[in-house]
Amino acid sequence: MERKNKENNKKREKRDKQLPFRKMRERSASRPESRERHEEPARELPDDVLVGRNAVTEALKSGRGINRILVATGDREGSIAEILAMARERGVVVQNVERAKIESLACGHRHQGVLAYVAPVPYAELEDILKAAEEKGESPFLVLLDELEDPHNLGALLRTADATGVHGILIPKRRSVSLNATVAKTSAGAVEYVPVARIGNIAQTLKALKEKGFWVAGADMDGEKAYYEADLTGPLVLVVGSEGKGMSRLTKEACDFIVSMPMVGHINSLNASVAGSILMYESMRQRLAKRG
């Protein structure tokens with residue numbers, strides 16, 4: 001009995017000695033810096049994403065192509081105000097979103113309530129595209145994409161545009177696919193050679209181009225003539241509609257003429273990039289024939 005009491009006393013003494021160290025470990029584990037060490041490491045950001053106020057500010061200052069900026073709802077002061085002012089000046093689309101959305105897109109990186117989707121190359125200005133065609137002594141040849149949504153289609157169209165001598169592609173700033181990593185990859189390098197300009201109102205842009213002497217040809221299954229029967233030479237804008245919906249009513253009304261593509265199979269429409277490629281090659285064929 002006496003031996004058992006001695007053993008119990010030794011156990012109590014051992015516990016008492018260890019108690020301060022146990023409490024120190026518990027306090028250490030509860031500290032924020034201790035918890036941070038156990039957080040998952042930040043993942044690699046996609047190529048077309050920038051996070052953080054400094055990174056987005058520098059991108060705006062350098063003139064880099066920016067598709068849109070996400071800002072956490074409620075953030076309007078300090079450097080965020082500067083970002084909003086520069087974005088407004090450059091015509092960059094800004095969206096207010098919940099901070100949790102930016103958190104999920106930032107892949108664990110410190111974002112400070114701001115994230116930007118950037119283009120792999122800078123966007124061009126329409127006037128610069130027209131000037132480049134003039135310097136080459138060529139009739140300007142443009143392709144306008146009416147609210148195209150699939151980046152793979154845009155990449156494929158860029159690839160064909162490079163092959164057929166298109167001077168530039170026009171896309172709306174809103175409700176349209178933008179230049180991104182998927183577009184760049186699908187284009188197989190053509191994004192580096194074919195300028196892409198972002199425009200505001202499609203109907204107003206087409207009206208301005210008509211005043212400069214352009215003809216506007218749209219592609220639609222209800223076109224009045226087959227594409228190979230139309231004159232696709234001279235200063236020209238080819239309009240390709242979006243996937244599924246085709247051209248909008250206002251865009252169609254802004255066209256000088258509509259061409260169709262005869263089809264003898266069971267399907268009554270073509271993929272947007274395929275239809276656009278056919279039109280571009282027909283225009284190139286006619287232009288080369290005129291030169292000869």
# chains A, B, ... in the order shown; residues from 1 in each chain; ligands from 1
>>> residues_around(residues="Thr233 in chain A", least_positions_apart="2", cutoff="8 Å", atoms="only C-alpha atoms", output="PyMOL selection string")
chain A and resi 139+231+235-236+283+286-287
>>> write_last_selection(atoms="C-alpha atoms", output="CSV table (one decimal), in the first residue's frame")
chain,number,residue,atom,x,y,z
A,139,SER,CA,-7.6,48.3,-99.0
A,231,ASP,CA,-18.1,41.5,-104.1
A,235,PRO,CA,-12.5,48.5,-97.9
A,236,LEU,CA,-14.5,45.8,-96.2
A,283,SER,CA,-12.4,37.7,-99.8
A,286,GLN,CA,-11.2,37.8,-104.9
A,287,ARG,CA,-8.5,40.3,-103.9
>>> residues_around(residues="range 70-87 of chain A", least_positions_apart="6", cutoff="8 Å", atoms="only C-alpha atoms", output="MDAnalysis selection string")
chainID A and resid 53 56:57 60:61 93:99 102 113:116
>>> write_last_selection(atoms="C-alpha atoms", output="PDB file, in the first residue's frame")
ATOM      1  CA  ARG A  53      -3.266  46.788 -55.919  1.00  0.00           C
ATOM      2  CA  VAL A  56      -3.020  46.107 -61.220  1.00  0.00           C
ATOM      3  CA  THR A  57      -1.897  49.741 -60.916  1.00  0.00           C
ATOM      4  CA  LEU A  60      -2.822  50.158 -66.023  1.00  0.00           C
ATOM      5  CA  LYS A  61       0.112  52.583 -66.085  1.00  0.00           C
ATOM      6  CA  VAL A  93     -14.611  47.449 -67.529  1.00  0.00           C
ATOM      7  CA  VAL A  94     -14.786  47.345 -63.696  1.00  0.00           C
ATOM      8  CA  GLN A  95     -17.061  44.955 -61.796  1.00  0.00           C
ATOM      9  CA  ASN A  96     -17.939  45.176 -58.100  1.00  0.00           C
ATOM     10  CA  VAL A  97     -18.073  41.694 -56.573  1.00  0.00           C
ATOM     11  CA  GLU A  98     -18.118  40.136 -53.135  1.00  0.00           C
ATOM     12  CA  ARG A  99     -14.687  39.810 -51.538  1.00  0.00           C
ATOM     13  CA  ILE A 102     -11.917  37.499 -55.403  1.00  0.00           C
ATOM     14  CA  GLY A 113      -9.604  43.392 -52.773  1.00  0.00           C
ATOM     15  CA  VAL A 114      -8.627  43.756 -56.444  1.00  0.00           C
ATOM     16  CA  LEU A 115      -8.034  41.316 -59.319  1.00  0.00           C
ATOM     17  CA  ALA A 116      -7.566  41.894 -63.055  1.00  0.00           C
TER      18      ALA A 116
END
>>> closest_residue(among="A:Leu232, A:Leu288, A:Leu130, A:Val121", to="Val183 in chain A", atoms="only C-alpha atoms")
A:Val121
>>> select_by_dssp(residues="range 27-163 of chain A", states="strand (DSSP E)", output="PyMOL selection string")
chain A and resi 49-51+66-72+93-97+114-118+141-145
>>> residues_around(residues="Asp162 in chain A", least_positions_apart="2", cutoff="10 Å", atoms="only C-alpha atoms", output="list of chain:residue names")
A:Leu157, A:Leu158, A:Arg159, A:Thr160, A:Thr164, A:Gly165, A:Val166, A:His167, A:Gly168, A:Ser187, A:Gly189, A:Ala190, A:Val191, A:Glu192, A:Tyr193, A:Val194, A:Pro195
